[in-house]
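S.K.: Pasting target.txt below, which is compact mmCIF, C-alpha atoms.
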```txt
# COMPACT_ATOMS: atom_id res chain seq x y z
CA MET A 294 -45.36 -107.95 -32.84
CA THR A 295 -47.94 -110.61 -33.66
CA ASN A 296 -51.10 -109.86 -35.57
CA ARG A 297 -53.10 -110.64 -32.43
CA VAL A 298 -51.23 -108.14 -30.25
CA LYS A 299 -51.62 -105.48 -32.96
CA VAL A 300 -55.40 -105.97 -33.04
CA GLU A 301 -55.63 -105.91 -29.22
CA GLU A 302 -53.70 -102.63 -29.14
CA LYS A 303 -55.95 -101.16 -31.82
CA VAL A 304 -59.08 -102.18 -29.86
CA LEU A 305 -57.71 -100.66 -26.65
CA SER A 306 -56.60 -97.41 -28.30
CA GLU A 307 -60.01 -97.02 -29.96
CA ASN A 308 -61.56 -97.65 -26.52
CA ASP A 309 -59.30 -95.02 -24.93
CA ARG A 310 -60.36 -92.47 -27.54
CA LEU A 311 -64.06 -93.08 -26.82
CA ALA A 312 -63.42 -93.08 -23.05
CA SER A 313 -61.75 -89.66 -23.30
CA GLU A 314 -64.79 -88.33 -25.10
CA LEU A 315 -67.04 -89.80 -22.37
CA ARG A 316 -64.85 -88.22 -19.67
CA ARG A 317 -65.15 -84.83 -21.38
CA GLN A 318 -68.95 -85.13 -21.37
CA PHE A 319 -69.09 -86.26 -17.75
CA ARG A 320 -66.86 -83.32 -16.71
CA GLU A 321 -68.97 -80.84 -18.70
CA HIS A 322 -72.10 -82.05 -16.90
CA LYS A 323 -70.31 -82.30 -13.50
CA ILE A 324 -71.18 -85.96 -13.05
CA VAL A 325 -69.27 -88.19 -10.62
CA VAL A 326 -68.74 -91.53 -12.38
CA LEU A 327 -67.74 -94.67 -10.47
CA ASN A 328 -66.92 -97.94 -12.26
CA LEU A 329 -67.75 -100.83 -9.88
CA VAL A 330 -65.71 -103.98 -10.40
CA SER A 331 -65.46 -107.30 -8.54
CA SER A 332 -65.78 -111.08 -8.76
CA PRO A 333 -69.27 -112.37 -9.47
CA GLY A 334 -71.16 -112.48 -6.18
CA SER A 335 -69.17 -109.94 -4.16
CA GLY A 336 -72.26 -107.80 -3.78
CA LYS A 337 -72.08 -104.93 -6.31
CA THR A 338 -75.82 -104.98 -6.94
CA THR A 339 -76.68 -105.26 -3.24
CA LEU A 340 -74.41 -102.32 -2.44
CA LEU A 341 -76.19 -100.28 -5.12
CA GLU A 342 -79.65 -101.32 -3.85
CA ASN A 343 -78.71 -100.02 -0.40
CA THR A 344 -77.21 -96.86 -1.86
CA LEU A 345 -80.36 -96.12 -3.84
CA ARG A 346 -82.55 -96.58 -0.76
CA ALA A 347 -80.33 -94.26 1.27
CA LEU A 348 -79.51 -91.50 -1.22
CA ASN A 349 -82.10 -91.57 -3.99
CA ALA A 350 -84.07 -88.68 -2.50
CA GLU A 351 -80.95 -86.57 -2.04
CA LEU A 352 -78.87 -87.19 -5.17
CA LYS A 353 -79.67 -87.67 -8.85
CA ILE A 354 -78.36 -91.19 -9.35
CA ALA A 355 -78.12 -93.09 -12.64
CA ILE A 356 -76.90 -96.67 -12.99
CA ILE A 357 -75.62 -98.62 -15.96
CA ALA A 358 -75.81 -102.31 -15.04
CA GLY A 359 -73.63 -104.56 -17.17
CA ASP A 360 -74.10 -108.30 -17.33
CA VAL A 361 -73.09 -111.16 -19.61
CA GLN A 362 -76.67 -112.39 -19.78
CA THR A 363 -80.02 -111.42 -18.15
CA GLU A 364 -81.24 -108.05 -16.90
CA ASN A 365 -81.63 -109.38 -13.32
CA ASP A 366 -79.42 -106.70 -11.78
CA ALA A 367 -81.14 -103.85 -13.57
CA ASN A 368 -84.54 -105.18 -12.49
CA ARG A 369 -83.40 -105.39 -8.86
CA LEU A 370 -82.10 -101.82 -9.02
CA SER A 371 -85.31 -100.47 -10.50
CA ALA A 372 -87.24 -102.27 -7.77
CA ALA A 373 -85.01 -100.57 -5.19
CA GLY A 374 -86.19 -97.21 -6.49
CA GLY A 375 -83.69 -96.46 -9.26
CA ARG A 376 -85.17 -93.86 -11.63
CA MET A 377 -82.45 -94.13 -14.26
CA VAL A 378 -81.32 -97.74 -14.53
CA HIS A 379 -79.99 -98.96 -17.87
CA PRO A 380 -78.99 -102.58 -18.47
CA ILE A 381 -76.23 -103.59 -20.85
CA VAL A 382 -76.26 -107.27 -21.77
CA THR A 383 -72.84 -108.01 -23.26
CA GLY A 384 -73.95 -111.32 -24.79
CA GLY A 385 -70.88 -113.30 -23.75
CA LYS A 386 -68.33 -110.50 -23.54
CA CYS A 387 -66.36 -110.45 -20.31
CA HIS A 388 -66.23 -106.68 -19.76
CA LEU A 389 -67.93 -103.40 -20.59
CA ASP A 390 -66.23 -101.11 -23.08
CA ALA A 391 -66.54 -97.39 -23.75
CA LYS A 392 -68.65 -97.94 -26.88
CA MET A 393 -71.33 -99.84 -24.89
CA VAL A 394 -71.39 -97.06 -22.30
CA SER A 395 -71.56 -94.32 -24.98
CA ASP A 396 -74.56 -96.01 -26.55
CA VAL A 397 -76.37 -95.69 -23.21
CA THR A 398 -75.25 -92.19 -22.23
CA ALA A 399 -76.34 -90.88 -25.65
CA ARG A 400 -79.92 -91.60 -24.55
CA LEU A 401 -79.54 -90.11 -21.02
CA ASP A 402 -80.33 -86.54 -20.04
CA LEU A 403 -76.90 -85.85 -18.54
CA ASP A 404 -78.08 -82.62 -16.91
CA ASP A 405 -80.34 -84.75 -14.74
CA VAL A 406 -77.47 -86.88 -13.35
CA GLU A 407 -75.08 -86.09 -10.47
CA LEU A 408 -73.77 -89.57 -9.71
CA LEU A 409 -73.41 -92.35 -12.27
CA PHE A 410 -72.55 -95.89 -11.21
CA ILE A 411 -71.34 -98.26 -13.89
CA GLU A 412 -71.75 -101.80 -12.55
CA ASN A 413 -69.26 -103.78 -14.59
CA VAL A 414 -69.43 -107.50 -15.47
CA GLY A 415 -68.41 -109.70 -12.53
CA ASN A 416 -64.79 -110.38 -13.47
CA LEU A 417 -61.57 -109.37 -11.71
CA VAL A 418 -59.41 -109.54 -14.83
CA CYS A 419 -60.65 -108.14 -18.14
CA PRO A 420 -62.59 -105.04 -16.99
CA SER A 421 -59.35 -103.60 -15.60
CA SER A 422 -58.09 -102.92 -19.15
CA TYR A 423 -61.09 -100.91 -20.36
CA ASP A 424 -61.36 -97.24 -19.43
CA LEU A 425 -65.02 -96.18 -19.38
CA GLY A 426 -64.39 -92.48 -18.77
CA GLU A 427 -64.96 -92.93 -15.03
CA ASP A 428 -63.49 -90.76 -12.28
CA MET A 429 -62.54 -93.85 -10.31
CA LYS A 430 -62.79 -97.60 -10.27
CA VAL A 431 -64.19 -99.00 -7.02
CA VAL A 432 -63.26 -102.64 -6.40
CA LEU A 433 -65.34 -104.86 -4.10
CA VAL A 434 -64.17 -107.97 -2.29
CA SER A 435 -66.25 -109.99 0.12
CA THR A 436 -65.10 -111.70 3.28
CA THR A 437 -66.14 -115.07 1.87
CA GLU A 438 -63.46 -114.87 -0.84
CA GLY A 439 -59.75 -115.32 -0.06
CA ASP A 440 -57.87 -112.42 1.51
CA ASP A 441 -55.09 -112.89 -1.06
CA LYS A 442 -57.28 -111.61 -3.93
CA PRO A 443 -55.33 -108.31 -4.25
CA MET A 444 -52.09 -110.22 -4.85
CA LYS A 445 -53.72 -112.60 -7.33
CA TYR A 446 -55.47 -109.87 -9.35
CA PRO A 447 -53.05 -106.95 -8.88
CA GLY A 448 -54.03 -105.10 -12.08
CA MET A 449 -57.51 -104.43 -10.81
CA PHE A 450 -56.41 -103.26 -7.37
CA ARG A 451 -53.67 -101.07 -8.85
CA ARG A 452 -56.14 -99.29 -11.13
CA SER A 453 -58.83 -98.81 -8.48
CA SER A 454 -59.13 -95.81 -6.19
CA ALA A 455 -61.37 -97.33 -3.53
CA LEU A 456 -61.85 -100.77 -2.01
CA VAL A 457 -65.15 -101.88 -0.47
CA ILE A 458 -64.84 -104.95 1.76
CA ASN A 459 -68.35 -106.40 1.89
CA LYS A 460 -70.07 -109.11 3.98
CA THR A 461 -68.30 -108.16 7.22
CA ASP A 462 -71.23 -109.87 9.01
CA LEU A 463 -69.68 -113.17 7.86
CA LEU A 464 -66.22 -112.47 9.33
CA GLY A 465 -65.17 -115.42 11.48
CA THR A 466 -66.88 -118.04 9.32
CA SER A 467 -63.65 -118.55 7.33
CA GLU A 468 -59.93 -117.83 7.58
CA PHE A 469 -60.42 -114.44 5.92
CA SER A 470 -58.60 -111.64 7.78
CA LEU A 471 -59.58 -107.98 7.39
CA ASP A 472 -56.06 -106.87 8.32
CA ARG A 473 -54.49 -109.20 5.79
CA VAL A 474 -56.71 -108.17 2.87
CA LYS A 475 -56.07 -104.50 3.60
CA GLU A 476 -52.33 -105.04 3.92
CA ASN A 477 -52.29 -107.02 0.65
CA ALA A 478 -54.29 -104.30 -1.09
CA LEU A 479 -52.15 -101.44 0.23
CA ASN A 480 -48.97 -103.24 -0.79
CA ILE A 481 -50.25 -103.05 -4.37
CA ASN A 482 -51.83 -99.61 -4.16
CA GLY A 483 -50.91 -97.42 -1.20
CA ALA A 484 -53.47 -94.76 -2.21
CA LEU A 485 -56.47 -97.09 -1.99
CA LYS A 486 -59.28 -95.72 0.19
CA SER A 487 -61.11 -98.50 1.99
CA PHE A 488 -64.59 -99.14 3.38
CA GLU A 489 -65.69 -102.09 5.51
CA VAL A 490 -69.39 -102.75 5.12
CA SER A 491 -72.12 -105.29 5.59
CA CYS A 492 -74.90 -104.73 3.08
CA ARG A 493 -76.92 -107.20 5.13
CA SER A 494 -76.71 -105.51 8.56
CA GLY A 495 -76.02 -102.02 7.25
CA ASN A 496 -72.83 -101.72 9.30
CA GLY A 497 -70.30 -99.31 7.82
CA LEU A 498 -72.52 -98.10 4.98
CA GLU A 499 -72.82 -94.63 6.49
CA ASN A 500 -69.12 -93.93 5.73
CA TRP A 501 -69.71 -94.98 2.12
CA TYR A 502 -72.72 -92.66 1.79
CA VAL A 503 -70.82 -89.73 3.33
CA TRP A 504 -68.00 -90.26 0.86
CA LEU A 505 -70.39 -90.38 -2.13
CA LYS A 506 -72.09 -87.17 -1.04
CA GLU A 507 -68.71 -85.49 -0.61
CA LEU A 508 -67.68 -86.59 -4.12
CA VAL A 509 -70.83 -85.06 -5.60
CA ARG A 510 -70.29 -81.82 -3.69
CA ALA A 511 -66.64 -81.60 -4.73
CA LYS A 512 -67.49 -82.21 -8.38
CA ARG A 513 -70.21 -79.56 -8.28
CA ASP A 514 -67.78 -77.06 -6.77
CA GLY A 515 -65.06 -77.90 -9.28
CA GLU A 516 -62.71 -79.39 -6.66
CA ARG A 517 -60.44 -82.36 -7.13
CA LEU A 518 -62.04 -85.68 -6.07
CA THR A 519 -60.21 -87.61 -3.35
CA MET B 123 -66.09 -109.99 -40.74
CA THR B 124 -63.89 -107.51 -38.88
CA ASN B 125 -60.17 -107.96 -38.55
CA ARG B 126 -60.64 -108.46 -34.80
CA VAL B 127 -63.15 -111.28 -35.18
CA LYS B 128 -60.89 -112.97 -37.73
CA VAL B 129 -57.95 -112.91 -35.31
CA GLU B 130 -60.11 -114.22 -32.45
CA GLU B 131 -61.31 -117.10 -34.62
CA LYS B 132 -57.74 -117.89 -35.61
CA VAL B 133 -56.64 -117.92 -31.95
CA LEU B 134 -59.51 -120.21 -30.99
CA SER B 135 -58.99 -122.62 -33.87
CA GLU B 136 -55.27 -122.85 -33.09
CA ASN B 137 -56.27 -123.52 -29.46
CA ASP B 138 -58.71 -126.25 -30.56
CA ARG B 139 -55.97 -127.93 -32.58
CA LEU B 140 -53.61 -128.00 -29.58
CA ALA B 141 -56.42 -129.15 -27.28
CA SER B 142 -57.18 -132.09 -29.57
CA GLU B 143 -53.55 -133.12 -29.43
CA LEU B 144 -53.65 -132.87 -25.61
CA ARG B 145 -56.84 -134.95 -25.51
CA ARG B 146 -55.16 -137.63 -27.66
CA GLN B 147 -52.24 -137.80 -25.20
CA PHE B 148 -54.50 -137.91 -22.15
CA ARG B 149 -56.51 -140.75 -23.71
CA GLU B 150 -53.38 -142.67 -24.62
CA HIS B 151 -52.18 -142.48 -21.01
CA LYS B 152 -55.69 -143.12 -19.58
CA ILE B 153 -55.72 -139.91 -17.56
CA VAL B 154 -58.96 -138.39 -16.28
CA VAL B 155 -58.70 -134.63 -16.82
CA LEU B 156 -61.00 -132.17 -15.05
CA ASN B 157 -60.93 -128.44 -15.80
CA LEU B 158 -62.08 -126.58 -12.66
CA VAL B 159 -63.72 -123.21 -13.28
CA SER B 160 -65.44 -120.66 -11.03
CA SER B 161 -65.48 -117.09 -9.78
CA PRO B 162 -62.48 -116.02 -7.72
CA GLY B 163 -63.05 -117.19 -4.15
CA SER B 164 -65.56 -120.00 -4.74
CA GLY B 165 -63.13 -122.50 -3.26
CA LYS B 166 -61.38 -124.35 -6.12
CA THR B 167 -58.08 -124.53 -4.23
CA THR B 168 -59.72 -125.56 -0.95
CA LEU B 169 -61.65 -128.33 -2.73
CA LEU B 170 -58.37 -129.59 -4.20
CA GLU B 171 -56.58 -129.42 -0.82
CA ASN B 172 -59.29 -131.63 0.66
CA THR B 173 -59.20 -133.96 -2.33
CA LEU B 174 -55.44 -134.39 -2.04
CA ARG B 175 -55.68 -135.19 1.67
CA ALA B 176 -58.39 -137.78 1.03
CA LEU B 177 -57.18 -139.47 -2.16
CA ASN B 178 -53.47 -138.81 -2.54
CA ALA B 179 -52.52 -142.23 -1.15
CA GLU B 180 -54.98 -144.00 -3.43
CA LEU B 181 -54.74 -142.19 -6.76
CA LYS B 182 -51.92 -140.64 -8.76
CA ILE B 183 -53.03 -137.02 -8.80
CA ALA B 184 -51.41 -134.15 -10.71
CA ILE B 185 -52.56 -130.55 -10.57
CA ILE B 186 -51.95 -127.61 -12.87
CA ALA B 187 -52.80 -124.46 -10.91
CA GLY B 188 -53.43 -121.40 -13.07
CA ASP B 189 -53.40 -117.90 -11.69
CA VAL B 190 -53.10 -114.37 -13.04
CA GLN B 191 -50.36 -113.57 -10.57
CA THR B 192 -48.65 -115.38 -7.64
CA GLU B 193 -48.08 -119.09 -7.06
CA ASN B 194 -50.13 -119.03 -3.83
CA ASP B 195 -52.50 -121.78 -4.95
CA ALA B 196 -49.72 -124.09 -6.08
CA ASN B 197 -47.90 -123.57 -2.78
CA ARG B 198 -51.04 -124.40 -0.81
CA LEU B 199 -51.56 -127.56 -2.87
CA SER B 200 -47.98 -128.73 -2.39
CA ALA B 201 -48.37 -128.12 1.35
CA ALA B 202 -51.49 -130.30 1.29
CA GLY B 203 -49.40 -133.17 0.00
CA GLY B 204 -49.55 -132.70 -3.77
CA ARG B 205 -46.64 -134.56 -5.38
CA MET B 206 -47.16 -133.16 -8.87
CA VAL B 207 -48.30 -129.55 -8.61
CA HIS B 208 -47.41 -127.18 -11.45
CA PRO B 209 -48.24 -123.47 -11.34
CA ILE B 210 -49.03 -121.44 -14.44
CA VAL B 211 -48.87 -117.68 -13.90
CA THR B 212 -50.70 -116.11 -16.83
CA GLY B 213 -49.27 -112.64 -16.19
CA GLY B 214 -52.52 -110.75 -16.70
CA LYS B 215 -54.31 -113.17 -19.02
CA CYS B 216 -57.84 -114.02 -17.93
CA HIS B 217 -57.85 -117.73 -18.82
CA LEU B 218 -55.63 -120.74 -19.41
CA ASP B 219 -55.15 -121.90 -23.00
CA ALA B 220 -54.07 -125.22 -24.47
CA LYS B 221 -50.57 -123.93 -25.24
CA MET B 222 -49.92 -123.10 -21.56
CA VAL B 223 -51.16 -126.55 -20.54
CA SER B 224 -49.06 -128.29 -23.24
CA ASP B 225 -45.94 -126.53 -21.99
CA VAL B 226 -46.54 -128.12 -18.56
CA THR B 227 -47.63 -131.60 -19.67
CA ALA B 228 -44.52 -131.84 -21.88
CA ARG B 229 -42.50 -131.93 -18.65
CA LEU B 230 -44.79 -134.42 -16.82
CA ASP B 231 -44.37 -138.20 -16.74
CA LEU B 232 -47.88 -138.92 -18.01
CA ASP B 233 -47.59 -142.61 -17.15
CA ASP B 234 -47.42 -141.56 -13.51
CA VAL B 235 -50.76 -139.69 -13.61
CA GLU B 236 -54.31 -141.08 -13.26
CA LEU B 237 -56.20 -137.91 -12.41
CA LEU B 238 -55.21 -134.43 -13.59
CA PHE B 239 -56.95 -131.35 -12.23
CA ILE B 240 -56.52 -128.12 -14.14
CA GLU B 241 -57.43 -125.27 -11.80
CA ASN B 242 -58.34 -122.47 -14.15
CA VAL B 243 -58.10 -118.72 -13.51
CA GLY B 244 -60.96 -117.47 -11.31
CA ASN B 245 -63.27 -116.09 -13.99
CA LEU B 246 -66.74 -117.26 -15.04
CA VAL B 247 -66.53 -115.85 -18.57
CA CYS B 248 -63.36 -116.23 -20.62
CA PRO B 249 -62.20 -119.75 -19.60
CA SER B 250 -65.42 -121.17 -21.06
CA SER B 251 -64.12 -120.54 -24.60
CA TYR B 252 -60.81 -122.39 -24.27
CA ASP B 253 -60.76 -126.16 -24.61
CA LEU B 254 -57.80 -127.59 -22.66
CA GLY B 255 -58.25 -131.19 -23.80
CA GLU B 256 -60.17 -132.03 -20.60
CA ASP B 257 -62.75 -134.79 -20.22
CA MET B 258 -65.06 -132.42 -18.42
CA LYS B 259 -65.33 -128.93 -17.03
CA VAL B 260 -66.41 -128.81 -13.38
CA VAL B 261 -67.94 -125.49 -12.34
CA LEU B 262 -68.00 -124.37 -8.69
CA VAL B 263 -70.38 -121.89 -7.13
CA SER B 264 -70.48 -121.00 -3.46
CA THR B 265 -73.52 -120.29 -1.33
CA THR B 266 -72.23 -116.77 -0.63
CA GLU B 267 -72.63 -115.80 -4.30
CA GLY B 268 -76.04 -115.18 -5.88
CA ASP B 269 -78.15 -118.19 -6.84
CA ASP B 270 -78.78 -116.60 -10.26
CA LYS B 271 -75.16 -117.15 -11.37
CA PRO B 272 -76.09 -119.93 -13.86
CA MET B 273 -78.45 -117.56 -15.68
CA LYS B 274 -75.95 -114.72 -15.69
CA TYR B 275 -73.02 -116.85 -16.95
CA PRO B 276 -74.86 -119.45 -19.03
CA GLY B 277 -71.92 -120.28 -21.32
CA MET B 278 -69.89 -121.70 -18.48
CA PHE B 279 -72.75 -123.80 -17.06
CA ARG B 280 -73.71 -125.08 -20.51
CA ARG B 281 -70.18 -126.29 -21.21
CA SER B 282 -69.67 -127.91 -17.79
CA SER B 283 -70.49 -131.51 -16.92
CA ALA B 284 -70.57 -131.18 -13.13
CA LEU B 285 -71.52 -128.49 -10.65
CA VAL B 286 -70.03 -128.31 -7.16
CA ILE B 287 -72.01 -126.11 -4.76
CA ASN B 288 -69.52 -125.18 -2.03
CA LYS B 289 -69.77 -123.50 1.41
CA THR B 290 -73.03 -125.23 2.34
CA ASP B 291 -72.05 -124.55 5.99
CA LEU B 292 -72.94 -120.90 5.25
CA LEU B 293 -76.46 -121.63 3.98
CA GLY B 294 -78.94 -119.43 5.79
CA THR B 295 -76.57 -116.47 6.14
CA SER B 296 -77.91 -114.98 2.90
CA GLU B 297 -80.90 -115.30 0.54
CA PHE B 298 -79.10 -118.02 -1.45
CA SER B 299 -81.35 -121.02 -2.12
CA LEU B 300 -79.94 -124.46 -2.98
CA ASP B 301 -83.11 -125.39 -4.83
CA ARG B 302 -83.04 -122.22 -6.88
CA VAL B 303 -79.40 -122.49 -7.94
CA LYS B 304 -79.92 -126.12 -8.98
CA GLU B 305 -83.08 -125.27 -10.88
CA ASN B 306 -81.35 -122.36 -12.64
CA ALA B 307 -78.39 -124.58 -13.53
CA LEU B 308 -80.55 -127.47 -14.79
CA ASN B 309 -82.59 -125.07 -16.93
CA ILE B 310 -79.37 -124.25 -18.76
CA ASN B 311 -77.88 -127.74 -18.74
CA GLY B 312 -80.14 -130.64 -17.87
CA ALA B 313 -77.23 -133.11 -17.88
CA LEU B 314 -75.30 -131.34 -15.12
CA LYS B 315 -74.30 -133.65 -12.27
CA SER B 316 -74.30 -131.81 -8.94
CA PHE B 317 -72.52 -132.07 -5.60
CA GLU B 318 -73.31 -130.10 -2.45
CA VAL B 319 -70.28 -129.77 -0.23
CA SER B 320 -68.73 -127.86 2.61
CA CYS B 321 -64.96 -127.89 2.33
CA ARG B 322 -64.91 -126.46 5.84
CA SER B 323 -66.98 -129.12 7.63
CA GLY B 324 -66.32 -131.91 5.13
CA ASN B 325 -70.05 -132.50 4.55
CA GLY B 326 -70.82 -133.97 1.16
CA LEU B 327 -67.20 -134.45 0.09
CA GLU B 328 -67.50 -138.23 0.26
CA ASN B 329 -69.81 -138.23 -2.80
CA TRP B 330 -67.27 -136.15 -4.69
CA TYR B 331 -64.46 -138.57 -3.80
CA VAL B 332 -66.53 -141.61 -4.80
CA TRP B 333 -67.28 -139.99 -8.16
CA LEU B 334 -63.59 -139.18 -8.79
CA LYS B 335 -62.55 -142.76 -7.99
CA GLU B 336 -65.26 -144.08 -10.29
CA LEU B 337 -64.03 -141.80 -13.11
CA VAL B 338 -60.48 -143.12 -12.71
CA ARG B 339 -61.71 -146.73 -12.71
CA ALA B 340 -63.89 -146.19 -15.78
CA LYS B 341 -61.04 -144.52 -17.67
CA ARG B 342 -58.67 -147.35 -16.77
CA ASP B 343 -61.23 -149.92 -17.99
CA GLY B 344 -61.87 -148.00 -21.20
CA GLU B 345 -65.49 -147.20 -20.30
CA ARG B 346 -67.32 -143.97 -21.09
CA LEU B 347 -67.12 -141.39 -18.28
CA THR B 348 -70.44 -140.23 -16.81
```
Could you take the file, read its structure, and then write that structure out as structure tokens?

M.R.:
Amino acid sequence: MTNRVKVEEKVLSENDRLASELRRQFREHKIVVLNLVSSPGSGKTTLLENTLRALNAELKIAIIAGDVQTENDANRLSAAGGRMVHPIVTGGKCHLDAKMVSDVTARLDLDDVELLFIENVGNLVCPSSYDLGEDMKVVLVSTTEGDDKPMKYPGMFRRSSALVINKTDLLGTSEFSLDRVKENALNINGALKSFEVSCRSGNGLENWYVWLKELVRAKRDGERLT
Amino acid sequence: MTNRVKVEEKVLSENDRLASELRRQFREHKIVVLNLVSSPGSGKTTLLENTLRALNAELKIAIIAGDVQTENDANRLSAAGGRMVHPIVTGGKCHLDAKMVSDVTARLDLDDVELLFIENVGNLVCPSSYDLGEDMKVVLVSTTEGDDKPMKYPGMFRRSSALVINKTDLLGTSEFSLDRVKENALNINGALKSFEVSCRSGNGLENWYVWLKELVRAKRDGERLT
């Protein structure tokens, strides 16, 4: 084993230890935690803006918005009504890790949170290796990317529990096929739950909101999330 | 300095050493080498398909197509007429490094190449740190991503020499502004040369082709590339 591999394993096992501690806290406070991952530009922030507008009055939502540089996303989310929006600027790092998340959650009143979104850095590769204590990873793809993304970035799709296909209003402007992307994704992960949405027109978002509310209810009642 | 940082520095300095050796070989054989970087789905492969169709008869073009998994891109490029297309499957790694490129170029007849494209892994973060011996990095963004991408991934835009703004046929379907993305990019790197293209309609590609031909001519004549 090379020195490099040894250090990588040590970093990941230290991350796993911190992530377990985060998961224990989230469970204790009955918080649903979703780790949102995608390419840059697939629409994670826009999905969260819509979600805040729709559910902010009903659910206690907190958001940790990770970015390599700038707090643009966090500012957009606060403007959309987010009460508890916390930016993490990674300063060049390509992913969030459990330590960065712990540093934020230590300052949060966890009793005041029912649903925590962690918006990861836009990157379909590296964030897949870092557990953040989440209940589920939710991976976004947009219809303006290629429909072979699941095959090209299988690690991320294998480790995610839900797939949001965004920008359905732009279907037909490229060769992208909804059926093909879903088939490619299910070939890698047969348990993937999928949503087809347009954050622009609002189409399909209702199903997403219903699912989020059901997750919060299930967590509150001590049921298994599905 | 932590053990981790030390190992990272060692990896990068070993990469720089190999990249210098690659650059020496490319110069010796008068090959223009462009390292194409972008988010997944911005259209690197589609740009190269178009470029092959337009210039394959005129220039000796080789392509190294990097991907995390699958040889889809390489297959598409061969189908578009590429004579010298070499896939690199990184098997989970988030970037190409100079060693992977060296392993391919060792098997190429470099005297038969005038223009080498290295299509990097779709990732706006990690590939910016790895020199591959290229003359220039070319960064793509598409009009379906956010126009704040240069600010959010400044490292990549700072280290690139040219910017290709793709999918201009989809301008107007979102809030994306051409002026804003160019202003954001120039604020980070005032020397960035930019192209506005639609790989779908063909608009703007002629400027890109003219530039590529001029690079090959300048390299052949021993002039500085601009």

S.K.: Please identify every residue of chain B that has at least one atom no more than 9 Å from any atom of chain A, counting only C-alpha atoms, and report them as a ChimeraX atom specification.

M.R.: /B:125-126,129-130,133,161-165,189-194,214-216,244-248,264,266-268,270-271,273-277,291-292,295-296,322

S.K.: Kindly indicate which residue among B:His208, B:Arg339, B:His151, B:Arg346 lies nearest to Val223 of chain B, using only C-alpha atoms for the distances.

M.R.: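 So, comparing all the options, the nearest one is B:His208.
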
S.K.: I'd like to know which of A:Glu407, A:Gly374, A:Lys323, A:Ala391 is closest to Ala355 of chain A, using all atoms listed in the file.

M.R.: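 Smallest separation from Ala355 of chain A among the options: A:Glu407.
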
S.K.: Env of Val260 of chain B: 12 Å cut, atoms = all atoms listed in the file, seq-sep filter 2 positions within chain, self excluded. Answer as a VMD selection string.

M.R.: chain B and resid 155 to 160 166 169 239 to 242 246 249 to 250 256 to 258 262 to 263 278 to 287 314 to 317 330 334

S.K.: I'd like to know which of A:Ile481, A:Val474, A:Leu408, A:Tyr423 is closest to Glu351 of chain A, using all atoms listed in the file.

M.R.: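 Checking each candidate against Glu351 of chain A, we get A:Leu408 as the closest.
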
S.K.: Leu498 of chain A: which residues within 10 Å, counting all atoms listed in the file, same-chain residues fewer than 5 positions away excluded, as a VMD selection string?

M.R.: chain A and resid 340 343 to 344 347 457 459 488 to 492 503 to 504

S.K.: Select, from B:Val154, B:Leu134, B:Ala141, B:Leu218, the residue with the minimum atom-to-atom distance to Lys341 of chain B, counting only C-alpha atoms.

M.R.: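 The closest residue to Lys341 of chain B is B:Val154.
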
S.K.: Figure out the distance between atom CA of Asp301 of chain B and atom CA of Leu170 of chain B, please, to one decimal in Å.

M.R.: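 Taking atom CA of Leu170 of chain B as the start and atom CA of Asp301 of chain B as the end point, the length is 25.1 Å.
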
S.K.: How many Å separate atom CA of Leu144 of chain B from atom CA of Leu254 of chain B?

M.R.: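 For atom CA of Leu144 of chain B relative to atom CA of Leu254 of chain B, the distance reads 7.3 Å.
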
S.K.: Could you tell me how far atom CA of Thr519 of chain A sits from atom CA of Glu507 of chain A, in Å to one decimal place?

M.R.: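 Separation between atom CA of Glu507 of chain A and atom CA of Thr519 of chain A: 9.2 Å.
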
S.K.: Contacts of Ala373 of chain A at 7 Å or less, counting all atoms listed in the file, minus same-chain residues fewer than 6 places along, as a ChimeraX atom specification?

M.R.: /A:342,345-346

S.K.: When you look at Ser142 of chain B with a cut-off of 12 Å (counting only C-alpha atoms), what residues show up, excluding the ones that are within fewer than 2 positions of it in the same chain? I need them as a JSON list (two decimals) with C-alpha atoms, in the coordinates of the input.

M.R.:
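Result saved to around_4.json:
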```json
[["chain", "number", "residue", "atom", "x", "y", "z"],
["B", 135, "SER", "CA", -58.99, -122.62, -33.87],
["B", 136, "GLU", "CA", -55.27, -122.85, -33.09],
["B", 137, "ASN", "CA", -56.27, -123.52, -29.46],
["B", 138, "ASP", "CA", -58.71, -126.25, -30.56],
["B", 139, "ARG", "CA", -55.97, -127.93, -32.58],
["B", 140, "LEU", "CA", -53.61, -128.00, -29.58],
["B", 144, "LEU", "CA", -53.65, -132.87, -25.61],
["B", 145, "ARG", "CA", -56.84, -134.95, -25.51],
["B", 146, "ARG", "CA", -55.16, -137.63, -27.66],
["B", 147, "GLN", "CA", -52.24, -137.80, -25.20],
["B", 148, "PHE", "CA", -54.50, -137.91, -22.15],
["B", 149, "ARG", "CA", -56.51, -140.75, -23.71],
["B", 220, "ALA", "CA", -54.07, -125.22, -24.47],
["B", 221, "LYS", "CA", -50.57, -123.93, -25.24],
["B", 224, "SER", "CA", -49.06, -128.29, -23.24],
["B", 252, "TYR", "CA", -60.81, -122.39, -24.27],
["B", 253, "ASP", "CA", -60.76, -126.16, -24.61],
["B", 254, "LEU", "CA", -57.80, -127.59, -22.66],
["B", 255, "GLY", "CA", -58.25, -131.19, -23.80],
["B", 256, "GLU", "CA", -60.17, -132.03, -20.60],
["B", 257, "ASP", "CA", -62.75, -134.79, -20.22]]
```

S.K.: Once 8 Å is added on each side, what centre and edge lengths in Å to one decimal does the axis-aligned box around all listed atoms of segment 249-259 of chain B have, as lines of an AutoDock Vina configuration file?

M.R.:
```
center_x = -61.6
center_y = -127.3
center_z = -20.8
size_x = 23.6
size_y = 31.0
size_z = 23.6
```
